[in-house]
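One structure is given below, encoded as structure tokens.
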Amino acid sequence: MLHGDLLDLCRQAGVKEVHADTLRACIFRRGERDFLSMHGLPKLFTHWLKAHVCHPSVSVLHTQVDTDHTQKMLLRLPYGGEVESVLIPAAGRITQCISSQVGCAMACTFCLTATAGLQRNLHTSEMIAQLMQAKWLMGSYPRNVVLMGMGEPLHNYNAVARFVWIATDPAGIALSPRRITLSTSGLVPAIKRMQADNLPCNLAVSLNASNDTVRNDLMPVNHKYPLSVLMPVLRDFSAQTKRKRVLIEYVLIDGVNDTLKDAMALVDLLADLPCTVNLLPLNTHHGTSYRRSSDAAVQQFWQTLNSAGYVAVVRQSRGQNISAACGQLKAENIPPKD
Ligand code: SAH
């Protein structure tokens with residue numbers, strides 16, 4: 001809920017609007033779960049809230065912790081369905097990966113979540129509930145948030161934008177806009193909308209190929225928004241917004257997009273785009289016949305980008321022992337319906 005919504009609640013309940021500030025601090029800053037034990041609010045108002053307002057919460061169906069301390073949760077949503085959220089520790093900080101849809105409509109051919117198709121969009125409260133679950137578990141909100149879990153965030157723009165505004169509200173959860181990253185398969189109109197709305201978060205784009213032929217095979221969205229359309233939009237986003245550096249994600253798949261020629265074509269494609277490149281060796285799963293690139297191919301790809309002056313990082317798959325690739329925990333625990 002944005003502050004305006006909290007004010008509405010106060011009006012509906014017939015209490016002073018000043019209580020909206022206290023409510024915001026209780027729910028979002030402190031992450032309190034129980035309306036009745038919230039201090040600083042009139043008792044009658046807390047009972048009214050309990051009767052009329054659904055607190056953003058999810059239930060944890062299953063948790064897996066890897067030896068590298070990556071923790072993956074399978075969460076049951078209040079409005080039905082299950083999604084995953086992953087807590088990834090690095091250098092004493094936690095990054096949380098948040099889901100935005102149950103399933104996904106983008107049909108990327110290497111992705112497990114894609115095999116289920118889109119079931120539904122998450123409500124804003126269901127995304128906030130994922131953050132709150134992390135706070136209840138760890139005692140504080142994660143330092144970094146990436147919208148890279150299940151779903152295509154820009155296919156659920158309104159709810160995701162509200163999530164970003166609420167998560168960055170300085171009087172509430174107070175995440176730094178520099179520490180939220182929204183990852184998209186490249187839905188061009190919604191990227192332009194993010195730019196027009198000045199949405200306070202970073203942009204990541206899953207490129208995964210350096211030419212349209214390969215990208216069409218991996219990501220059907222490319223038929224609609226090919227590289228010749230997508231790339232100028234990314235350059236414009238970088239030039240016109242405060243978030244200059246776009247994060248480029250590139251899943252490395254053996255023999256498909258990982259050759260020296262592919263790396264050199266990527267260097268050309270990214271010319272004049274201030275960016276960082278995340279190289280993600282494919283996490284294999286039963287839903288795909290693609291294979292992960294060899295270590296030598298990953299090294300060569302990284303070296304080519306690096307020599308051309310790009311900041312490239314190989315994301316060694318965290319949580320490999322616990323199936324932390326997109327959609328895998330869910331697939332293990334909830335067999336797909338026929
Ligand atoms: N729909 C959004 C966010 C969800 S996918 C997007 O496309 O960006 C988040 C990231 O995981 C994307 O970069 C995607 O390319 C990558 N990904 C999906 N399946 C993967 C797998 N099996 N192995 C490695 N990365 C994968």
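Labels for the structure tokens follow display order: chains A, B, ..., residues from 1 in each chain, ligands from 1.
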
Identify, counting only C-alpha atoms and all ligand atoms, the protein, DNA and RNA residues located within 7 Å of ligand 1, and give them as a VMD selection string.
-> chain A and resid 110 to 112 147 to 153 183 to 185 204 to 206 208 249 to 251 280 to 285 325 to 326

Please provide the set of residues having any atom within 12 Å of Met264 (chain A), restricted to only C-alpha atoms, with same-chain residues fewer than 5 positions apart removed, written as a count of residues only.
-> 19

Filtered DSSP result for region 28-246 of chain A, state helix (DSSP H, G or I), as an MDAnalysis selection string | chainID A and resid 28:29 35:37 43:52 113:116 124:138 153:167 177:179 188:197 212:218 221:224 227:240

Name the residues in contact with region 123-126 of chain A at a cut-off of 7 Å, using only C-alpha atoms, excluding same-chain residues fewer than 5 positions from it; report them as a ChimeraX atom specification.
-> /A:56,77,159-160,162-163

Provide the CA of Gln119 (chain A) to CA of Asn202 (chain A) distance in Å, to one decimal place.
-> 26.5 Å

Got a sec: who's within 12 Å of Met1 (chain A), counting only C-alpha atoms, leaving out chain neighbours fewer than 2 positions off, as a PyMOL selection string?
-> chain A and resi 3-9+20+23-24+27-28+53-56+123-129+159+161-167+169+172-173

For Gly103 (chain A), work out the shell of residues within 10 Å, counting only C-alpha atoms and skipping chain neighbours fewer than 3 positions away, then give it as number ranges by chain.
-> A: 81-83, 99-100, 106-107, 112-121, 150-152, 327

In Å, how far is it from CA of His52 (chain A) to CA of Cys10 (chain A)?
-> 11.8 Å

Report the distance between CA of Pro274 (chain A) and CA of Arg235 (chain A) in Å, rounded to one decimal place.
-> 8.0 Å

Can you pull out every residue within 10 Å of Arg243 (chain A), counting only C-alpha atoms, but drop anything in the same chain fewer than 6 positions away, and send it as a PyMOL selection string?
-> chain A and resi 177-178+195+198-203+237+274

Check which residues of region 134-198 of chain A sit at most 10 Å from region 30-38 of chain A using only C-alpha atoms, and return one row each with the closest pair of atoms and their distance in Å to one decimal, ordered by chain and rising number, as CSV.
```
residue,atom,partner,partner_atom,distance
A:Lys135,CA,A:Gly31,CA,7.1
A:Trp136,CA,A:Gly31,CA,7.5
A:Gly139,CA,A:Gly31,CA,9.3
A:Ser140,CA,A:Arg30,CA,8.7
A:Tyr141,CA,A:Gly31,CA,8.9
A:Gly172,CA,A:Arg30,CA,8.2
A:Ile173,CA,A:Arg30,CA,8.1
```

Keeping only C-alpha atoms, write the selected residues to a file as a PDB file, in the first residue's frame.
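The result, stored in out29.pdb:
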```
ATOM      1  CA  LYS A 135      12.646  -9.913   7.085  1.00  0.00           C
ATOM      2  CA  TRP A 136      10.840 -12.321   9.398  1.00  0.00           C
ATOM      3  CA  GLY A 139      15.519  -9.941  11.155  1.00  0.00           C
ATOM      4  CA  SER A 140      16.042  -7.277   8.498  1.00  0.00           C
ATOM      5  CA  TYR A 141      15.080  -6.610   4.911  1.00  0.00           C
ATOM      6  CA  GLY A 172       8.734   2.320   4.973  1.00  0.00           C
ATOM      7  CA  ILE A 173      10.910  -0.511   3.709  1.00  0.00           C
TER       8      ILE A 173
END
```

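Across A:Met194, A:Val298, A:Ala134, A:Val145, the tightest approach to Tyr157 (chain A) is made by A:Met194 when counting only C-alpha atoms.
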
Got a sec: who's within 12 Å of Ala91 (chain A), counting only C-alpha atoms, leaving out chain neighbours fewer than 6 positions off, as a PyMOL selection string?
-> chain A and resi 68-69+143

I need the residues from that last selection saved to file as a PDB file, in the first residue's frame (with C-alpha atoms), if you can.
```pdb
ATOM      1  CA  ASP A  68      26.958 -21.882  -0.140  1.00  0.00           C
ATOM      2  CA  HIS A  69      24.088 -20.676   2.154  1.00  0.00           C
ATOM      3  CA  ARG A 143      20.019  -5.156   1.107  1.00  0.00           C
TER       4      ARG A 143
END
```

Run DSSP on the backbone and tell me which residues of region 6-115 of chain A come out as strand (DSSP E); list them as a PDB file with N, CA and C atoms, in the first residue's frame.
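File result08.pdb, as written:
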```pdb
ATOM      1  N   SER A  59       2.863 -18.258   2.955  1.00  0.00           N
ATOM      2  CA  SER A  59       3.325 -19.342   3.820  1.00  0.00           C
ATOM      3  C   SER A  59       4.419 -20.121   3.104  1.00  0.00           C
ATOM      4  N   VAL A  60       5.411 -20.529   3.896  1.00  0.00           N
ATOM      5  CA  VAL A  60       6.553 -21.243   3.319  1.00  0.00           C
ATOM      6  C   VAL A  60       6.212 -22.724   3.239  1.00  0.00           C
ATOM      7  N   LEU A  61       6.168 -23.251   2.007  1.00  0.00           N
ATOM      8  CA  LEU A  61       5.831 -24.664   1.821  1.00  0.00           C
ATOM      9  C   LEU A  61       7.057 -25.540   1.938  1.00  0.00           C
ATOM     10  N   HIS A  62       8.203 -24.975   1.526  1.00  0.00           N
ATOM     11  CA  HIS A  62       9.404 -25.791   1.443  1.00  0.00           C
ATOM     12  C   HIS A  62      10.604 -24.860   1.412  1.00  0.00           C
ATOM     13  N   THR A  63      11.676 -25.252   2.097  1.00  0.00           N
ATOM     14  CA  THR A  63      12.909 -24.454   2.063  1.00  0.00           C
ATOM     15  C   THR A  63      14.073 -25.373   1.770  1.00  0.00           C
ATOM     16  N   GLN A  64      15.007 -24.902   0.976  1.00  0.00           N
ATOM     17  CA  GLN A  64      16.245 -25.647   0.756  1.00  0.00           C
ATOM     18  C   GLN A  64      17.406 -24.696   0.954  1.00  0.00           C
ATOM     19  N   VAL A  65      18.421 -25.151   1.679  1.00  0.00           N
ATOM     20  CA  VAL A  65      19.612 -24.319   1.892  1.00  0.00           C
ATOM     21  C   VAL A  65      20.809 -25.045   1.291  1.00  0.00           C
ATOM     22  N   GLN A  71      19.520 -19.741   0.010  1.00  0.00           N
ATOM     23  CA  GLN A  71      18.325 -20.350   0.583  1.00  0.00           C
ATOM     24  C   GLN A  71      17.145 -20.114  -0.347  1.00  0.00           C
ATOM     25  N   LYS A  72      16.527 -21.202  -0.717  1.00  0.00           N
ATOM     26  CA  LYS A  72      15.429 -21.079  -1.669  1.00  0.00           C
ATOM     27  C   LYS A  72      14.128 -21.480  -0.992  1.00  0.00           C
ATOM     28  N   MET A  73      13.119 -20.609  -1.130  1.00  0.00           N
ATOM     29  CA  MET A  73      11.828 -20.883  -0.481  1.00  0.00           C
ATOM     30  C   MET A  73      10.750 -21.082  -1.537  1.00  0.00           C
ATOM     31  N   LEU A  74       9.939 -22.081  -1.321  1.00  0.00           N
ATOM     32  CA  LEU A  74       8.738 -22.229  -2.142  1.00  0.00           C
ATOM     33  C   LEU A  74       7.589 -21.656  -1.320  1.00  0.00           C
ATOM     34  N   LEU A  75       6.918 -20.648  -1.863  1.00  0.00           N
ATOM     35  CA  LEU A  75       5.930 -19.902  -1.079  1.00  0.00           C
ATOM     36  C   LEU A  75       4.522 -20.106  -1.622  1.00  0.00           C
ATOM     37  N   ARG A  76       3.592 -20.340  -0.726  1.00  0.00           N
ATOM     38  CA  ARG A  76       2.174 -20.382  -1.141  1.00  0.00           C
ATOM     39  C   ARG A  76       1.601 -18.985  -1.010  1.00  0.00           C
ATOM     40  N   GLU A  82       1.736 -20.989  -6.228  1.00  0.00           N
ATOM     41  CA  GLU A  82       3.032 -21.006  -5.545  1.00  0.00           C
ATOM     42  C   GLU A  82       4.086 -20.330  -6.408  1.00  0.00           C
ATOM     43  N   VAL A  83       5.013 -19.653  -5.746  1.00  0.00           N
ATOM     44  CA  VAL A  83       6.186 -19.097  -6.429  1.00  0.00           C
ATOM     45  C   VAL A  83       7.416 -19.351  -5.553  1.00  0.00           C
ATOM     46  N   GLU A  84       8.575 -19.072  -6.138  1.00  0.00           N
ATOM     47  CA  GLU A  84       9.818 -19.215  -5.393  1.00  0.00           C
ATOM     48  C   GLU A  84      10.406 -17.857  -5.089  1.00  0.00           C
ATOM     49  N   SER A  85      11.161 -17.802  -4.006  1.00  0.00           N
ATOM     50  CA  SER A  85      11.973 -16.628  -3.722  1.00  0.00           C
ATOM     51  C   SER A  85      13.297 -17.139  -3.160  1.00  0.00           C
ATOM     52  N   VAL A  86      14.390 -16.542  -3.583  1.00  0.00           N
ATOM     53  CA  VAL A  86      15.710 -17.038  -3.206  1.00  0.00           C
ATOM     54  C   VAL A  86      16.474 -15.956  -2.460  1.00  0.00           C
ATOM     55  N   LEU A  87      17.120 -16.350  -1.363  1.00  0.00           N
ATOM     56  CA  LEU A  87      17.996 -15.439  -0.609  1.00  0.00           C
ATOM     57  C   LEU A  87      19.431 -15.825  -0.901  1.00  0.00           C
ATOM     58  N   ILE A  88      20.183 -14.877  -1.417  1.00  0.00           N
ATOM     59  CA  ILE A  88      21.551 -15.175  -1.852  1.00  0.00           C
ATOM     60  C   ILE A  88      22.532 -14.310  -1.063  1.00  0.00           C
ATOM     61  N   PRO A  89      23.301 -14.928  -0.160  1.00  0.00           N
ATOM     62  CA  PRO A  89      24.271 -14.139   0.600  1.00  0.00           C
ATOM     63  C   PRO A  89      25.545 -13.909  -0.210  1.00  0.00           C
ATOM     64  N   ALA A  90      26.093 -12.708  -0.125  1.00  0.00           N
ATOM     65  CA  ALA A  90      27.388 -12.416  -0.754  1.00  0.00           C
ATOM     66  C   ALA A  90      28.026 -11.274   0.002  1.00  0.00           C
ATOM     67  N   ARG A  93      26.161  -9.466   2.722  1.00  0.00           N
ATOM     68  CA  ARG A  93      24.883  -8.830   2.356  1.00  0.00           C
ATOM     69  C   ARG A  93      23.982  -9.869   1.721  1.00  0.00           C
ATOM     70  N   ILE A  94      22.673  -9.635   1.861  1.00  0.00           N
ATOM     71  CA  ILE A  94      21.740 -10.578   1.260  1.00  0.00           C
ATOM     72  C   ILE A  94      21.082  -9.933   0.036  1.00  0.00           C
ATOM     73  N   THR A  95      21.028 -10.699  -1.029  1.00  0.00           N
ATOM     74  CA  THR A  95      20.237 -10.295  -2.193  1.00  0.00           C
ATOM     75  C   THR A  95      19.030 -11.220  -2.262  1.00  0.00           C
ATOM     76  N   GLN A  96      17.854 -10.644  -2.419  1.00  0.00           N
ATOM     77  CA  GLN A  96      16.656 -11.479  -2.549  1.00  0.00           C
ATOM     78  C   GLN A  96      16.139 -11.432  -3.980  1.00  0.00           C
ATOM     79  N   CYS A  97      15.859 -12.609  -4.495  1.00  0.00           N
ATOM     80  CA  CYS A  97      15.288 -12.714  -5.837  1.00  0.00           C
ATOM     81  C   CYS A  97      13.782 -12.923  -5.677  1.00  0.00           C
ATOM     82  N   GLN A 101       5.182 -13.278 -11.188  1.00  0.00           N
ATOM     83  CA  GLN A 101       4.027 -13.960 -11.788  1.00  0.00           C
ATOM     84  C   GLN A 101       4.067 -15.439 -11.367  1.00  0.00           C
ATOM     85  N   VAL A 102       2.910 -16.087 -11.364  1.00  0.00           N
ATOM     86  CA  VAL A 102       2.892 -17.542 -11.249  1.00  0.00           C
ATOM     87  C   VAL A 102       3.014 -18.056 -12.676  1.00  0.00           C
ATOM     88  N   GLY A 103       4.145 -18.691 -12.980  1.00  0.00           N
ATOM     89  CA  GLY A 103       4.423 -19.079 -14.362  1.00  0.00           C
ATOM     90  C   GLY A 103       4.910 -17.883 -15.156  1.00  0.00           C
TER      91      GLY A 103
END
```

Among listed residues A:Ala190, A:Ile253, A:Met231, A:Ile248, nearest Asp272 (chain A) (using only C-alpha atoms) | A:Met231

Residue nearest His155 (chain A) - candidates A:Arg29, A:Ala105, A:Arg315, A:Lys261, atoms counted: only C-alpha atoms =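 Closest to His155 (chain A) of all the choices is A:Ala105.
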
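Distance annotation: of A:Leu207, A:Ala297, A:Val233, A:Lys224, the residue with the minimal separation from Leu266 (chain A) is A:Leu207; atom set is only C-alpha atoms.
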